[in-house]
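File shown here: work30.cif, holding mmCIF, C-alpha atoms.
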```cif
data_start
loop_
_atom_site.label_atom_id
_atom_site.label_comp_id
_atom_site.auth_asym_id
_atom_site.auth_seq_id
_atom_site.Cartn_x
_atom_site.Cartn_y
_atom_site.Cartn_z
CA MET A 76 148.97 98.95 154.22
CA GLN A 77 151.87 97.83 152.10
CA CYS A 78 152.20 98.63 148.39
CA PRO A 79 151.51 95.54 146.26
CA ALA A 80 153.91 96.71 143.52
CA CYS A 81 157.06 97.91 145.32
CA GLY A 82 156.50 96.96 148.97
CA ASP A 83 156.67 100.55 150.28
CA GLN A 84 154.21 101.79 152.90
CA LEU A 85 151.00 103.31 151.47
CA VAL A 86 150.01 106.77 152.72
CA THR A 87 146.30 107.36 153.39
CA THR A 88 145.21 110.60 151.73
CA THR A 89 141.71 112.13 151.83
CA ILE A 90 140.60 113.81 148.62
CA GLU A 91 137.17 115.47 148.76
CA GLY A 92 135.92 112.96 151.32
CA ILE A 93 137.43 109.91 149.62
CA GLU A 94 140.21 108.08 151.47
CA LEU A 95 142.81 106.74 149.05
CA ASP A 96 145.99 104.85 149.81
CA ILE A 97 148.89 106.16 147.73
CA CYS A 98 152.45 104.92 147.36
CA LYS A 99 153.89 108.46 147.61
CA ASN A 100 157.50 107.54 148.37
CA GLY A 101 157.70 104.56 146.04
CA CYS A 102 156.04 103.56 142.77
CA ALA A 103 153.24 106.20 142.87
CA GLY A 104 150.50 103.58 142.57
CA ILE A 105 147.03 104.21 143.99
CA TRP A 106 144.70 101.86 145.88
CA PHE A 107 140.98 102.50 145.33
CA ASP A 108 138.51 100.75 147.63
CA ASN A 109 135.34 99.39 146.06
CA TYR A 110 133.44 102.10 144.07
CA GLU A 111 136.02 104.85 144.69
CA LEU A 112 137.51 104.69 141.20
CA GLU A 113 134.10 105.45 139.67
CA LYS A 114 134.20 108.88 141.29
CA MET A 115 137.42 109.83 139.46
CA ASP A 116 137.49 107.88 136.20
CA GLU A 117 135.99 110.48 133.84
CA LYS A 118 137.79 113.41 132.25
CA HIS A 119 135.26 116.02 133.42
CA GLU A 120 135.47 114.96 137.09
CA SER A 121 137.70 117.37 138.97
CA VAL A 122 138.05 115.03 141.96
CA GLY A 123 141.63 113.89 142.29
CA GLU A 124 143.12 115.82 139.36
CA HIS A 125 146.38 116.23 141.27
CA LEU A 126 146.68 112.40 141.37
CA LEU A 127 147.52 112.59 137.67
CA GLN A 128 150.79 114.32 138.58
CA LEU A 129 152.13 111.56 140.85
CA LYS A 130 155.59 110.32 139.79
CA LYS A 131 157.37 107.21 140.95
CA ALA A 132 160.69 107.44 142.76
CA PRO A 133 163.60 107.13 140.30
CA ASN A 134 165.22 104.23 142.14
CA ILE A 135 162.06 102.05 142.01
CA ASN A 136 161.79 99.27 139.41
CA ILE A 137 158.45 97.52 139.03
CA ASP A 138 157.65 94.22 137.35
CA TYR A 139 154.24 94.97 135.80
CA SER A 140 153.67 91.35 134.75
CA GLN A 141 153.89 90.08 138.34
CA THR A 142 150.70 88.90 140.08
CA ARG A 143 150.05 91.17 143.04
CA MET A 144 148.58 90.58 146.45
CA CYS A 145 145.69 92.73 147.69
CA PRO A 146 146.97 95.31 150.21
CA LYS A 147 143.68 95.15 152.10
CA CYS A 148 142.79 91.43 152.12
CA GLU A 149 145.18 88.98 153.71
CA ASN A 150 146.81 86.48 151.32
CA ARG A 151 144.49 87.32 148.41
CA LYS A 152 145.86 87.56 144.86
CA MET A 153 144.47 90.27 142.64
CA LEU A 154 143.25 89.56 139.13
CA LYS A 155 144.38 91.48 136.07
CA HIS A 156 141.72 92.64 133.67
CA PHE A 157 141.02 95.35 131.15
CA VAL A 158 139.16 98.43 132.33
CA SER A 159 137.12 98.76 129.12
CA SER A 160 136.31 97.06 125.87
CA ASN A 161 139.20 98.90 124.16
CA MET A 162 141.53 96.45 125.94
CA GLU A 163 144.25 99.07 126.28
CA ILE A 164 144.53 99.51 130.05
CA GLU A 165 144.98 96.53 132.34
CA VAL A 166 144.44 97.01 136.08
CA ASP A 167 144.59 94.80 139.17
CA GLU A 168 141.35 94.09 141.03
CA CYS A 169 140.77 92.16 144.23
CA PRO A 170 138.00 89.58 143.76
CA GLU A 171 137.25 89.65 147.49
CA CYS A 172 136.92 93.34 148.41
CA GLY A 173 136.46 94.81 144.91
CA GLY A 174 139.32 97.28 145.28
CA PHE A 175 141.52 98.42 142.38
CA TRP A 176 145.27 98.95 142.20
CA LEU A 177 146.37 101.45 139.56
CA ASP A 178 149.99 101.75 138.54
CA PRO A 179 151.45 105.20 137.76
CA GLY A 180 149.77 106.84 134.78
CA GLU A 181 146.84 104.40 134.56
CA LEU A 182 144.35 106.83 136.12
CA GLY A 183 145.21 109.40 133.44
CA GLN A 184 144.84 106.80 130.70
CA ILE A 185 141.44 105.71 132.05
CA ARG A 186 140.24 109.31 132.19
CA GLU A 187 141.36 109.96 128.60
CA GLN A 188 139.70 106.87 127.13
CA PHE A 189 136.05 108.01 127.27
CA GLU A 190 134.31 111.29 128.04
CA THR A 191 131.53 109.74 130.14
CA ASP A 192 130.29 106.42 131.52
CA ALA A 193 127.61 106.43 128.78
CA ASP A 194 130.36 106.51 126.12
CA ARG A 195 132.16 103.66 127.90
CA ASN A 196 128.93 101.61 128.07
CA ASN A 197 128.16 102.25 124.39
CA ALA A 198 131.64 101.10 123.38
CA THR A 199 131.19 97.94 125.46
CA THR A 200 127.78 97.23 123.92
CA GLU A 201 129.20 97.65 120.42
CA TYR A 202 132.12 95.39 121.27
CA PHE A 203 129.84 92.60 122.49
CA LYS A 204 127.61 92.96 119.43
CA GLU A 205 130.64 92.61 117.19
CA VAL A 206 132.15 89.66 119.03
CA PHE A 207 128.95 87.70 119.66
CA LYS A 208 126.73 88.71 116.72
CA ASP A 209 126.71 85.24 115.09
CA ASP A 210 126.17 83.50 118.43
CA LEU A 211 123.36 85.91 119.33
CA LYS A 212 121.60 85.32 115.99
CA GLN A 213 121.84 81.57 116.46
CA GLU A 214 120.58 81.81 120.04
CA GLN A 215 117.68 84.00 118.95
CA ALA A 216 116.71 81.50 116.21
CA GLU A 217 116.83 78.63 118.73
CA THR A 218 114.70 80.64 121.15
CA GLN A 219 112.09 81.31 118.45
CA GLU A 220 112.01 77.59 117.58
CA THR A 221 111.58 76.67 121.26
CA LEU A 222 108.78 79.22 121.60
CA LYS A 223 106.91 77.69 118.64
CA HIS A 224 107.26 74.26 120.25
CA ILE A 225 105.90 75.56 123.55
CA HIS A 226 102.88 77.10 121.81
CA LYS A 227 102.07 73.77 120.13
CA ILE A 228 102.18 71.92 123.46
CA THR A 229 100.07 74.62 125.13
CA ASN A 230 97.42 74.33 122.41
CA MET A 231 97.28 70.53 122.88
CA PHE A 232 96.72 70.89 126.61
CA ARG A 233 93.96 73.42 126.00
CA PHE A 234 91.81 70.63 124.57
CA ILE A 235 92.79 68.08 127.21
CA CYS A 236 92.33 70.32 130.25
CA PRO A 237 89.50 72.89 129.91
CA SER A 238 90.30 76.41 131.08
CA TYR A 239 87.55 76.30 133.71
CA TYR A 240 89.30 73.38 135.44
CA ILE A 241 91.76 74.48 138.10
CA PRO A 242 93.53 71.59 139.86
CA GLY A 243 92.60 71.29 143.52
CA LYS A 244 89.74 73.83 143.34
CA GLN A 245 86.90 71.61 142.04
CA LYS A 246 85.07 69.00 144.06
CA TRP A 247 84.92 66.73 141.02
CA GLY A 248 87.66 65.14 138.94
CA ALA A 249 90.63 62.92 139.54
CA PHE A 250 92.96 65.50 141.04
#
```

Can I see the file as structure tokens?
Amino acid sequence: MQCPACGDQLVTTTIEGIELDICKNGCAGIWFDNYELEKMDEKHESVGEHLLQLKKAPNINIDYSQTRMCPKCENRKMLKHFVSSNMEIEVDECPECGGFWLDPGELGQIREQFETDADRNNATTEYFKEVFKDDLKQEQAETQETLKHIHKITNMFRFICPSYYIPGKQKWGAF
């Protein structure tokens, strides 16, 4: 595979049973197939600690703002997005295969952000509560109003259609 950042050839390296593709002779970026990053993204995980020491070659210049192509999928552009609700670390992800491209130093930044996945999830929950709190309150009020309306209609039908009548099961009636 070819490096999406500098064009150098990626070197497949196996780390504790996980095959990663690393740009060892170029920009020092790392390609993680779908779900591989989750095995190395927390500070307490010892898997891949030596990946934190990777350094890019001094003669390599990278344009970090450039849209990159997935090294695994043919002619597929990767999407940039933030790894967590802190919006500090932006990574490239392939929408087709779910792989991640991390530039040099991003793995270390990801590992330093939160101690565990639970901390990351709590921060995300708090972020969404903060951003959408007014919208959620409004939606909840509308839902309560709709529920009241449904109960009124249900009560009206209770008098029109007795509970012992089940459509299609009686030999009498119009249905």

Report as JSON lines: every residue of segment 143-225 of chain A with an atom at most 9 Å from segment 97-112 of chain A, its closest pair of atoms, and their distance in Å to one decimal, counting all atoms listed in the file, with rows sorted by chain and ascending residue number.
```
{"residue": "A:Pro146", "atom": "CA", "partner": "A:Trp106", "partner_atom": "CA", "distance": 8.2}
{"residue": "A:Lys147", "atom": "CA", "partner": "A:Asp108", "partner_atom": "CA", "distance": 8.8}
{"residue": "A:Cys172", "atom": "CA", "partner": "A:Asn109", "partner_atom": "CA", "distance": 6.7}
{"residue": "A:Gly173", "atom": "CA", "partner": "A:Asn109", "partner_atom": "CA", "distance": 4.9}
{"residue": "A:Gly174", "atom": "CA", "partner": "A:Asp108", "partner_atom": "CA", "distance": 4.3}
{"residue": "A:Phe175", "atom": "CA", "partner": "A:Phe107", "partner_atom": "CA", "distance": 5.1}
{"residue": "A:Trp176", "atom": "CA", "partner": "A:Trp106", "partner_atom": "CA", "distance": 4.7}
{"residue": "A:Leu177", "atom": "CA", "partner": "A:Ile105", "partner_atom": "CA", "distance": 5.3}
{"residue": "A:Asp178", "atom": "CA", "partner": "A:Gly104", "partner_atom": "CA", "distance": 4.5}
{"residue": "A:Pro179", "atom": "CA", "partner": "A:Gly104", "partner_atom": "CA", "distance": 5.2}
{"residue": "A:Gly180", "atom": "CA", "partner": "A:Gly104", "partner_atom": "CA", "distance": 8.5}
{"residue": "A:Glu181", "atom": "CA", "partner": "A:Gly104", "partner_atom": "CA", "distance": 8.8}
{"residue": "A:Leu182", "atom": "CA", "partner": "A:Ile105", "partner_atom": "CA", "distance": 8.7}
```

- Length of the atom CA of Asp194 of chain A to atom CA of Ser160 of chain A vector [Å]: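 Separation between atom CA of Asp194 of chain A and atom CA of Ser160 of chain A: 11.2 Å.
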
Please evaluate the PyMOL selection byres ((chain A and resi 123-127) around 7) against the structure above and give the resulting residues as a compact mmCIF listing (two decimals) with C-alpha atoms, in the coordinates of the input.
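Contents of the output file out_14.txt:
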```
# COMPACT_ATOMS: atom_id res chain seq x y z
CA ILE A 90 140.60 113.81 148.62
CA MET A 115 137.42 109.83 139.46
CA SER A 121 137.70 117.37 138.97
CA VAL A 122 138.05 115.03 141.96
CA GLN A 128 150.79 114.32 138.58
CA LEU A 129 152.13 111.56 140.85
CA GLY A 180 149.77 106.84 134.78
CA LEU A 182 144.35 106.83 136.12
CA GLY A 183 145.21 109.40 133.44
```

- Item | Minimum-distance residue to Lys131 of chain A, chosen among A:Met76, A:Ile228, A:Ala198, A:Cys81 (using all atoms listed in the file) |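 Ranked by minimum distance to Lys131 of chain A, first place goes to A:Cys81.
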
- Item | Of the listed residues A:Gln219, A:Gln213, A:Thr199, A:Asn230, that which approaches Phe157 of chain A most closely, counting all atoms listed in the file | A:Thr199

- So what do you get for atom CA of Ala216 of chain A versus atom CA of Met231 of chain A, distance-wise? 23.3 Å

- Message: Just the number, please: distance in Å from atom CA of Lys130 of chain A to atom CA of Thr142 of chain A, one decimal.
- Response: 22.0 Å

- Query: Which is closest to Met144 of chain A among A:Gln188, A:Pro79, A:Glu120, A:Phe203, if we use only C-alpha atoms?
  - Reply: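 Residue with the minimum atom-to-atom distance to Met144 of chain A: A:Pro79.
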
- What residues come out when you apply the PyMOL selection byres ((chain A and resi 87) around 9) to this file, written as a PyMOL selection string? chain A and resi 76+85-86+88-89+94-98

- Applied to this file, what does the PyMOL selection byres ((chain A and resi 153) around 6) return in terms of residues, put as a ChimeraX atom specification? /A:143-145,152,154,167-169

- Message: Counting all atoms listed in the file, which residue out of A:Lys155, A:Lys114, A:Lys212, A:His119 sits closest to Phe189 of chain A?
- Response: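 For Phe189 of chain A, the nearest of the given residues is A:His119.
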
- Would you mind telling me which residue in A:Asp192, A:Lys118, A:Thr221, A:Asp138 lies nearest to Ala80 of chain A when using all atoms listed in the file?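 Selected residue with least distance to Ala80 of chain A: A:Asp138.
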
- Item | For Glu171 of chain A, the nearest of the candidates A:Glu220, A:Arg151, A:Phe232, A:Arg186, counting all atoms listed in the file |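 Checking each of A:Glu220, A:Arg151, A:Phe232, A:Arg186 against Glu171 of chain A, counting all atoms listed in the file, the winner is A:Arg151.
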